[in-house]
Every structure is written in C-alpha cells, then in structure tokens.
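Peer 1: So that we are looking at the same thing, I have put the structure below in structure tokens.
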Amino acid sequence: MLNSAILAEFIALLGVDRVFVDPETLTLYASDETPKSCLPDGVLFPASHDEVVAIVKLANQHHLALVARGAGSGNVGGAMPVIGSLVVSFECMTRILEFDPANRLVVVEPGVVTNDIDALANSVGLMYAPDPGSGAYCRIGGNLAMNAAGPRCVKYGATRDHVLGLRAVTGDGREIRVGGRTTKYATAYDLTRLLVGSEGTLALITEATLKLIPAPESIATLRICFSSNASACAAVSRVMAQSVVPSALEFMDRRAIEAIREYGAAEGLPAGTQAVLMVEADGVAADVPRQIVALENALAGEGLLEIQSGFTASDIAGLWIARKSLSHAVKKIAPLKINEDVVVPVARLANLVNAIDGLGKFHRVPIVSFGHAGNGNLHVNLMVHADDADEMVRARACRDALIEAVLGLGGSLSGEHGIGSEKRAYVGRELDASTLAMMRDVKQLFDPRGLLNPGKKLPDV
Ligand SMILES: Cc1cc2nc3c(=O)[nH]c(=O)nc-3n(C[C@H](O)[C@H](O)[C@H](O)COP(=O)(O)OP(=O)(O)OC[C@H]3O[C@@H](n4cnc5c(N)ncnc54)[C@H](O)[C@@H]3O)c2cc1C
C-alpha cells in the first residue's frame with residue numbers, strides 16, 4: 001500500500017511531475033481496452049532505464065506490485081492494475097537511441113509508438129514489419145510484451161521474429177541484456193524470445209534492438225467476395241498451401257462488413273456476399289503481377305463470387321482504414337462483447353468457422369468474426385449485452401465450447417492479444433501441468449516476490 005512516506009520516496013526518485021496519485025490520473029490508468037477496471041495506488045512515469053531499476057528496487061523494499069503500461073490498447077486486461085499496485089507507464093521513454101540502416105537495426109526505448117519505427121525505417125527504404133491495427137498509438141514495449149502481430153505478419157512473422165536484443169529489469173531489480181545486435185547469435189539461452197510475450201510478468205523492458213528489413217518496392221491488393229464463411233476459409237487454406245506467400249490475408253464475415261459499413265466496406269460487393277478476404281502481394285515491382293496470378297488461381301473455387309482488383313492508392317488506404325476500424329466498430333455495437341483471439345492451424349480454418357457458425361446458432365449468440373486468416377487467427381466477438389442475464393449465461397457456454405473446439409483443432413487460446421487477466425482461467429486447458437509448473441519456476445526466477453503484473457498470464461494454482 002502506497003502511504004505518504006513511500007510516496008515521498010517515489011517523488012524523491014522521479015520528481016513531483018512524474019508521480020501521480022490524483023483521482024483523475026488513477027482513473028485514466030485503471031483499465032486497458034477491456035471493459036473492466038481497477039484503480040492503482042499511483043502512476044509512475046520513469047524517463048530512463050536507471051529510473052526503472054530504482055523504481056523496481058523501491059517497490060521490492062515496500063512489497064508493492066508494478067504493472068507496466070504502454071498505451072493501454074491491450075484487449076485482455078494485461079495493463080489493468082491490481083489492488084494496491086503502481087502503474088509504470090513508459091510514455092516518457094520515447095527516444096530512438098540508435099538508427100543503424102547499414103546493420104538494418106534500430107534501438108528504441110519502450111514508449112516509442114510502433115508506426116513511428118516503421119516510418120523511420122521507411123525513410124531509408126527499410127521497414128519494421130509487425131503492423132498491429134493499433135500501430136498508430138500502441139507502444140513498442142506493449143508490442144514486445146504481447147508479441148503483437150498484424151496483417152503483414154503472415155509473410156514476415158510477429159514481433160518476436162523482429163527482435164535482436166533487449167535490455168530489461170527483472171522483478172528483483174537486476175538489469176539483464178539478452179540477445180545482441182546481429183542476425184545470427186548462438187551464445188546464450190534465448191531469453192529474448194522468452195521475454196517477448198511475457199506480458200510484463202518477468203521483467204520490465206527498457207530498451208529493444210529491432211530488426212529492419214527492406215521495404216517492398218510494390219504492393220498489389222485484391223478484395224475477394226465469397227458466398228459463405230466456409231468457402232472463404234477454404235480459399236485461405238488453398239492460398240497458404242501454395243508457394244506464393246501473401247503479404248496480407250485478412251478475413252471478414254458479413255456481420256463484420258456491416259459493422260464498418262460507414263467506412264464504405266459494403267460498397268461494390270456483389271449480391272450474396274457473406275464473407276470477404278483482403279489479400280496483398282508485395283515485392284519487386286516486376287514480380288508482383290506473377291504473384292497475383294498465383295494467388296488468384298489459388299483463390300478460385302467453390303463459393304467464389306468475385307475477385308476485385310485495380311484499386312487506386314486511396315481506395316486501398318480506405319480499405320485498410322475500414323479493416324483497422326473493425327475492433328472499435330464492433331465494440332461500439334456491443335461495448336461489453338466477449339472478444340476471443342483464437343488461432344488454429346491454417347488448413348483447419350474452415351473447420352473453425354463452421355464450428356463458430358454452429359455455436360452461434362446453438363447458443364443463440366450473435367457472433368462477429370474477422371482477423372488474420374493467413375495465420376489461422378480469428379477475432380471472434382460474442383456480441384452480448386451484459387444487462388441480459390440469460391444471454392450472458394448462453395454466451396459463457398458458447399465461449400467455453402468455442403475454446404474446446406479450438407483446442408480440439410490443435411489451436412491455441414491466443415494468436416496475438418495474449419492472456420492478461422481475461423484468459424488465464426483457460427490456460428490450464430491448453431497447457432499441461434508440467435509445462436505450467438515450469439512457467440511458474442521461470443516466473444519465480446525472474447520475479448521472486450511476484451511483484452511484476454500479478455494475476456496475469458498464469459492461472460491461479
Ligand atoms: C483497435 C485495436 C486494434 C488492435 N489490433 C491489434 C493487432 O492487429 N495485432 C495485435 O497483436 N494486437 C492488436 N491490438 C491489441 C493491442 O494494441 C496490442 O496488444 C498492443 O501490443 C498493446 O500495446 P500497448 O502499448 O497498448 O500495451 P498495453 O496495453 O499498455 O500493455 C500490454 C501489455 O504489455 C505490458 N507492457 C507494456 N510495456 C511494457 C514494458 N516496457 N515492459 C514489460 N511489459 C510491458 C503490460 O503490462 C501489458 O501486460 C489491437 C487493439 C486495438 C484497440
């Protein structure tokens with residue numbers, strides 16, 4: 001508990017301008033995108049690695065829990081405080097520490113906004129590939145902690161695949177440097193990959209060395225309309241089974257299209273369209289047409305209504321704005337929706353959408369599905385209204401059955417949003433007891449007093 005004496009110690013450390021305990025600030029930092037909240041005791045804004053070390057040491061002295069926070073755009077309560085905790089916001093650690101195009105890397109502090117890294121890379125013909133839909137405001141520290149992904153990740157991989165090294169502070173205040181600056185590295189245990197996706201439960205990341213790759217010379221976009229979800233997903237499996245890897249392969253069902261109608265998403269769709277895929281190919285300009293032909297051949301099949309191409313640059317920008325608005329558009333319709341982020345092996349995506357259609361009908365719950373189909377990753381939104389008790393009971397049963405179906409298909413609870421506080425009750429269904437015990441041992445090693453983001457990622461014992 002943060003009493004006035006301890007508060008004075010934090011103020012002595014950071015200055016009065018970067019320690020907040022007023023009700024307005026506590027309320028602002030009480031939740032992420034999850035429709036739940038818990039007031040922290042205080043919000044701290046470190047401006048350097050050394051200040052983070054000092055915060056963690058002080059928290060250890062007084063046994064205070066610390067909840068790291070980027071932009072609070074997470075969907076699983078990952079940055080949601082727990083009672084008596086302090087939020088450590090990385091919004092003041094926004095420096096690009098080094099930009100080294102010759103070695104295709106950039107070293108950043110955790111508060112840098114993701115799209116700014118890509119924009120910097122673009123200025124010299126490079127790119128930072130992971131492109132979460134929230135990229136305009138989420139922070140790289142949050143992306144690292146969640147192993148965030150986005151449309152381009154079907155071709156280029158998720159955040160974890162673009163990290164060379166990290167500097168971080170463990171739960172007992174030790175500085176660690178993991179990984180390096182090279183694209184080959186075989187010295188240490190791969191603690192870099194361990195920290196990516198650890199959701200602020202093992203260490204606070206204070207610096208990241210990220211890999212940059214050449215930006216594609218040219219990108220071509222297709223919009224493909226199907227008469228059913230299953231036929232669209234069968235096409236996804238065909239695309240992913242041939243040799244041309246698309247640089248985006250996104251799925252939207254009919255309800256998702258309706259949710260973003262105001263962005264023109266339903267304009268120009270042929271009658272009977274029940275599902276839409278957005279597919280992109282990128283690369284050297286002369287090669288993109290060959291890739292598009294291969295993709296069109298793979299997309300052709302039962303249920304295909306139309307392949308639309310020849311979009312202008314502004315059309316394409318509009319399509320992506322609409323696609324990236326989906327998450328908030330769906331939330332506007334049902335603010336308390338249950339949002340799953342399931343992933344299955346891509347060849348089983350059609351089985352997954354069939355299961356979702358069946359579960360929605362059986363439990364009488366409207367479901368909106370969309371997502372990064374090329375990775376087998378769907379955001380399945382159960383559009384419930386919390387004031388309808390009967391619907392909530394049916395929705396919980398539906399969610400339960402959905403998770404069973406996903407695990408039965410060899411899939412996983414989360415493709416990119418992580419576990420946070422919201423999914424951890426289900427983790428024991430996916431991971432066996434010895435794996436969970438090993439994860440708890442790892443947590444104990446990094447954070448012996450359990451101060452970093454308690455109540456997240458791991459289920460209760
Ligand atoms: C409209 C919308 C679209 C989205 N699209 C995508 C998408 O396409 N792909 C995707 O993967 N996600 C997506 N998300 C989810 C979310 O944006 C990502 O999870 C993102 O990585 C969170 O970043 P953040 O800065 O907001 O982190 P926060 O939500 O603040 O925190 C997320 C987690 O990271 C931890 N954390 C933050 N900083 C640090 C640090 N420095 N060290 C250790 N732990 C830290 C927090 O404790 C928390 O557990 C979307 C969300 C929204 C609202």
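By order of appearance in the structure tokens: chains A, B, ..., then residues from 1 within every chain, and ligands from 1 in the order shown.
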Taking only C-alpha atoms and all ligand atoms into account, which residues have an atom no farther than 7 Å from ligand 1? I'd like them as an MDAnalysis selection string.

Peer 2: chainID A and resid 32:33 67:75 78:79 90 110 131:134 138:151 199:200 203:206 324:325 327:328 416:417 420 453

Peer 1: DSSP on the backbone: what in region 133-382 of chain A comes out strand (DSSP E), as a VMD selection string?

Peer 2: chain A and resid 163 to 170 175 to 179 203 to 211 213 to 214 218 to 226 248 to 253 275 to 283 304 to 308 338 to 343 367 to 372 377 to 382

Peer 1: Dump as CSV the rows for residues of region 307-335 of chain A within 7 Å of region 222-226 of chain A: closest atom pair and distance in Å with one decimal, only C-alpha atoms counted, ordered by chain and rising residue number.

Peer 2:
```
residue,atom,partner,partner_atom,distance
A:Ile307,CA,A:Ile224,CA,4.5
A:Gln308,CA,A:Arg223,CA,5.0
A:Ser309,CA,A:Leu222,CA,4.9
```

Peer 1: Would you mind listing what lies within 12 Å of Glu306 (chain A) as a PyMOL selection string, with only C-alpha atoms counted and same-chain residues fewer than 2 positions away left out?

Peer 2: chain A and resi 222-227+232+268-277+296+299-304+308-309

Peer 1: Have a look at CA of Ser123 (chain A) and CA of Glu91 (chain A) and let me know their distance in Å, one decimal.

Peer 2: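 Separation between CA of Ser123 (chain A) and CA of Glu91 (chain A): 23.9 Å.
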